[in-house]
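Novice: Here's a structure for you.
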Amino acid sequence: MLRAAGVGVGDEVVVPAFGNVEVAEAVALVGASPVFADIDPATYCLDASLVEAALTPRTAAVVVVHRFGRPADMGALHRIGQRHGLLVLEHGESEGPYDEIARRRQRAAYLDGKLRGVRTPDWGDGHTYQQYVVRVPGNGRPDRDAFARAVRGRGVDCRVPVKAPVHRMPGFRRCVALPETERAVDETLALPVEAALTKRDMQRIVSACNALGGLLQPAY
């Protein structure tokens with residue numbers, strides 16, 4: 001899509017650093033330079049106001065990535081595109097059939113009401129819960145990894161959704177302040193919410209997480 005729109009050498013494209021490296025690689029593949037903007041901490045998608053702050057005379061496009069089933073604020077991003085004459089592209093996720101989405105939402109609602117000691121996702125508009133991503137805030141160190149190990153030890157298949165921000169990866173290193181991106185990388189954990197999970201599975205997830213009391217004690 002970038003190539004078809006004439007984006008190429010000398011152009012800049014604003015992209016998120018929270019997520020897969022493939023978007024930045026696609027920008028580099030057409031000869032343009034990726035410019036990283038920070039995310040909205042509730043949606044994990046590009047923050048429209050910070051996208052606008054990242055624009056330069058060389059900016060040709062913005063690539064918006066919807067995260068975990070929660071859409072970005074496309075209205076605000078399209079308005080920015082119109083004001084500055086920029087191409088705004090969307091990169092989404094496969095949502096699945098409606099009945100599957102409904103079951104994921106049902107399981108997410110159960111977790112929202114039962115989990116303690118972690119920050120549950122913001123419901124927001126149109127959330128389809130491709131992933132149910134909680135926050136495990138650190139108390140002076142990243143507790144999320146220790147929490148994840150303990151939860152896995154109790155039989156829950158959780159995972160870290162984004163292991164490293166793209167602006168810290170080889171080939172895309174940038175000296176740029178993206179505090180919400182860095183915080184999300186350190187704190188987020190995806191818990192199971194698939195439509196096939198049984199009530200007993202959901203109870204096991206809640207029991208495993210709540211038994212840890214949320215934050216773990218620091219190691220001395």
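Naming scheme: A, B, ... for chains in displayed order of the structure tokens; residues 1 onward per chain; ligands 1 onward as shown.
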Restrict the calculation to only C-alpha atoms, then for each residue of segment 25-80 of chain A with any atom at most 12 Å from an atom of segment 165-173 of chain A give the closest atom pair and their distance in Å to one decimal, rows by chain and rising residue number, as JSON lines.
Specialist:
{"residue": "A:Glu25", "atom": "CA", "partner": "A:Phe172", "partner_atom": "CA", "distance": 8.9}
{"residue": "A:Val27", "atom": "CA", "partner": "A:Phe172", "partner_atom": "CA", "distance": 11.1}
{"residue": "A:Ala28", "atom": "CA", "partner": "A:Phe172", "partner_atom": "CA", "distance": 9.5}
{"residue": "A:Ser33", "atom": "CA", "partner": "A:Phe172", "partner_atom": "CA", "distance": 9.4}
{"residue": "A:Pro34", "atom": "CA", "partner": "A:Phe172", "partner_atom": "CA", "distance": 8.1}
{"residue": "A:Val35", "atom": "CA", "partner": "A:His167", "partner_atom": "CA", "distance": 9.1}
{"residue": "A:Phe36", "atom": "CA", "partner": "A:His167", "partner_atom": "CA", "distance": 7.1}
{"residue": "A:Ala37", "atom": "CA", "partner": "A:His167", "partner_atom": "CA", "distance": 9.9}
{"residue": "A:Asp38", "atom": "CA", "partner": "A:Pro165", "partner_atom": "CA", "distance": 10.7}
{"residue": "A:Ile39", "atom": "CA", "partner": "A:Pro165", "partner_atom": "CA", "distance": 11.5}
Novice: Could those residues be written to a file, using N, CA, C and O atoms, as a PDB file, in the first residue's frame?
Specialist:
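Written out: again-v6.pdb:
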ATOM      1  N   GLU A  25       9.603  -2.538   9.172  1.00  0.00           N
ATOM      2  CA  GLU A  25      10.322  -3.177   8.073  1.00  0.00           C
ATOM      3  C   GLU A  25       9.667  -2.869   6.731  1.00  0.00           C
ATOM      4  O   GLU A  25      10.360  -2.663   5.724  1.00  0.00           O
ATOM      5  N   VAL A  27       8.041  -0.168   5.965  1.00  0.00           N
ATOM      6  CA  VAL A  27       8.399   1.224   5.639  1.00  0.00           C
ATOM      7  C   VAL A  27       9.807   1.279   5.063  1.00  0.00           C
ATOM      8  O   VAL A  27      10.051   1.923   4.035  1.00  0.00           O
ATOM      9  N   ALA A  28      10.738   0.591   5.713  1.00  0.00           N
ATOM     10  CA  ALA A  28      12.122   0.582   5.231  1.00  0.00           C
ATOM     11  C   ALA A  28      12.230  -0.075   3.860  1.00  0.00           C
ATOM     12  O   ALA A  28      13.060   0.316   3.035  1.00  0.00           O
ATOM     13  N   SER A  33      11.658   6.214   5.840  1.00  0.00           N
ATOM     14  CA  SER A  33      12.178   6.099   7.204  1.00  0.00           C
ATOM     15  C   SER A  33      11.027   6.023   8.202  1.00  0.00           C
ATOM     16  O   SER A  33      10.154   6.904   8.199  1.00  0.00           O
ATOM     17  N   PRO A  34      11.017   5.002   9.066  1.00  0.00           N
ATOM     18  CA  PRO A  34       9.989   4.959  10.104  1.00  0.00           C
ATOM     19  C   PRO A  34      10.272   5.978  11.198  1.00  0.00           C
ATOM     20  O   PRO A  34      11.418   6.126  11.637  1.00  0.00           O
ATOM     21  N   VAL A  35       9.246   6.685  11.625  1.00  0.00           N
ATOM     22  CA  VAL A  35       9.329   7.626  12.746  1.00  0.00           C
ATOM     23  C   VAL A  35       8.358   7.121  13.805  1.00  0.00           C
ATOM     24  O   VAL A  35       7.177   6.907  13.520  1.00  0.00           O
ATOM     25  N   PHE A  36       8.846   6.918  15.025  1.00  0.00           N
ATOM     26  CA  PHE A  36       8.035   6.291  16.063  1.00  0.00           C
ATOM     27  C   PHE A  36       7.327   7.334  16.923  1.00  0.00           C
ATOM     28  O   PHE A  36       7.931   8.288  17.386  1.00  0.00           O
ATOM     29  N   ALA A  37       6.020   7.118  17.112  1.00  0.00           N
ATOM     30  CA  ALA A  37       5.225   7.955  18.011  1.00  0.00           C
ATOM     31  C   ALA A  37       4.703   7.083  19.145  1.00  0.00           C
ATOM     32  O   ALA A  37       4.571   5.864  19.004  1.00  0.00           O
ATOM     33  N   ASP A  38       4.376   7.725  20.258  1.00  0.00           N
ATOM     34  CA  ASP A  38       3.952   6.978  21.441  1.00  0.00           C
ATOM     35  C   ASP A  38       2.481   6.560  21.331  1.00  0.00           C
ATOM     36  O   ASP A  38       1.735   7.024  20.467  1.00  0.00           O
ATOM     37  N   ILE A  39       2.086   5.676  22.253  1.00  0.00           N
ATOM     38  CA  ILE A  39       0.737   5.100  22.233  1.00  0.00           C
ATOM     39  C   ILE A  39      -0.155   5.710  23.311  1.00  0.00           C
ATOM     40  O   ILE A  39       0.323   6.302  24.285  1.00  0.00           O
TER      41      ILE A  39
END
Novice: Just want the 6 Å neighbourhood of segment 61-75 of chain A, counted on only C-alpha atoms, with same-chain residues fewer than 2 positions away dropped. Output as a PyMOL selection string.
Specialist: chain A and resi 13-15+43+45+59+77-78+86-92+127-131
Novice: Of the residues A:Arg204, A:Arg174, A:His84, A:Arg105, which is the one nearest to Arg154 of chain A, using only C-alpha atoms?
Specialist: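 The shortest atom-to-atom distance to Arg154 of chain A comes from A:Arg204.
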Novice: Nearest to Thr56 of chain A: which of A:Glu12, A:Asp40, A:Asp157, A:Glu194 is it, counting only C-alpha atoms?
Specialist: A:Glu12
Novice: Using only C-alpha atoms, which of the listed residues (A:Leu191, A:Val7, A:Val118, A:Ala32) sits closest to Gly138 of chain A?
Specialist: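 Of the candidates, the smallest distance to Gly138 of chain A is held by A:Val118.
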Novice: Which residue gives the smallest distance to Arg135 of chain A among A:Pro57, A:Gly10, A:Gly153, A:Gly117, with only C-alpha atoms counted?
Specialist: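 Result for the nearest residue to Arg135 of chain A: A:Gly117.
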Novice: Could you tell me which of A:Ala190, A:Val136, A:Ala208, A:Leu29 comes closest to Val156 of chain A if we count only C-alpha atoms?
Specialist: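 The closest residue to Val156 of chain A is A:Ala208.
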Novice: I need the strand (DSSP E) residues of segment 21-208 of chain A per DSSP on the backbone, written as a list in words.
Specialist: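 Those residues are Ser33, Pro34, Val35, Phe36, Ala37, Thr59, Ala60, Ala61, Val62, Val63, Val64, Val65, Leu87, Val88, Leu89, Glu90, His91, Tyr132, Val133, Val134, Arg135, Thr188, Leu189, Ala190 and Leu191 of chain A.
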Novice: DSSP on the backbone: what in segment 11-219 of chain A comes out helix (DSSP H, G or I), as a ChimeraX atom specification?
Specialist: /A:22-29,48-54,74-84,98-114,144-153,166-168,179-187,199-210
Novice: Within 12 Å of Ala196 of chain A, counting only C-alpha atoms, which residues qualify if same-chain residues fewer than 4 places away don't, as a ChimeraX atom specification?
Specialist: /A:99-104,106-107,192,200-202
